[in-house]
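Beneath this line is the structure, given in structure tokens, with notes to follow.
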Amino acid sequence: MASAAAEEKDLVEILDASYGPIDTIRYVDFVRDPAAGAIATFEGTTRDTFEGKSVVELRYEAYVPMAARRLAAVCAEARASWPLLRLAVAHRLGTVGVGEASVFVAASAVHRAEAMEACRYVIDEVKASVPIWKKEVYENGEVWKENREFRERMLLHHEHGPAQKHNQTSNGCCGSKVKVDGADHRTKEEDEATTV
């Protein structure tokens, strides 16, 4: 569990579907500190295409208590690795339109390298280990997506950890299918993952 002092310098939020767009300025202002020589940020946005398919929107779901605990743990891990002043991370749930932010990370430190490295670590861990699920909605179908980082983490866990006891597939804890034009199709990425 993070110390009280660290909790005062970390802002971790899972924003419900009614919240609307992420107020990025709010999080940047939160990490401002007179001792900071750098503020690094990352804003993850919905792009309009994926592998030639037109993306209409993304939809996110989470078990909020678990996701919030994992986000707080990620912040504690970042603090243990870099001398950070302040840290903020927010992730939206619900529908996120093209061009809108679904996740935002801000980190401040005395020097830019620490702020940038911590910011990258936090977003990589969000994608690899925080239980937030994403559905990509296309003009002609939709699919629940596993992040590449999550799949790689599951493979590593499968090879070296307790996952060996569970009969998991090679592409994570559960295979995902794309439903396009009324038929099921595996994505190219999924086909490659299952042949490894």
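Scheme for the structure tokens: letters A, B, ... for chains in order shown; per-chain residue numbers from 1; ligand numbers from 1 in order shown.
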message: So that I can see what lies close to Val12 in chain A, please list as an MDAnalysis selection string the residues with an atom at most 12 Å from it, counting only C-alpha atoms and leaving out residues fewer than 4 positions away in the same chain.
response: chainID A and resid 6:8 27 30:31 64:65 67:76 86:92 103:107 122 126
message: Among range 54-164 of chain A, which residues does DSSP mark as alpha helix (DSSP H) when it is run on the backbone? Keep the chain and numbering as in the structure and answer as a ChimeraX atom specification.
response: /A:64-81,112-129,148-160
- prompt: Which of these, A:Ile123, A:Val110, A:Ile132, A:Val96, has the shortest distance to Pro21 in chain A once you count only C-alpha atoms?
  reply: A:Val96
- request: Run DSSP on the backbone and give me the residues of range 79-128 of chain A it puts in strand (DSSP E), as a ChimeraX atom specification.
  value: /A:84-92,94-97,101-109
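Taking CA of His111 in chain A and CA of Leu15 in chain A as the two end points, the separation is 29.7 Å.
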- request: Find, counting only C-alpha atoms, the residue in A:Ala101, A:Lys134, A:Lys9, A:Glu146 that gets nearest to Asp33 in chain A.
  value: A:Lys9
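CA of Ser129 in chain A sits 18.1 Å away from CA of Arg59 in chain A.
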query: Which residue, A:Asn140, A:Thr95, A:Thr24, A:Ser108, has the smallest gap to Glu61 in chain A when you use only C-alpha atoms?
result: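 Under the stated criterion, the closest residue is A:Thr95.
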- request: Between A:Ala118, A:Gly97, A:Tyr60, A:Ala78, single out the one closest to Pro131 in chain A, counting only C-alpha atoms.
  value: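 Nearest candidate to Pro131 in chain A out of A:Ala118, A:Gly97, A:Tyr60, A:Ala78: A:Tyr60.
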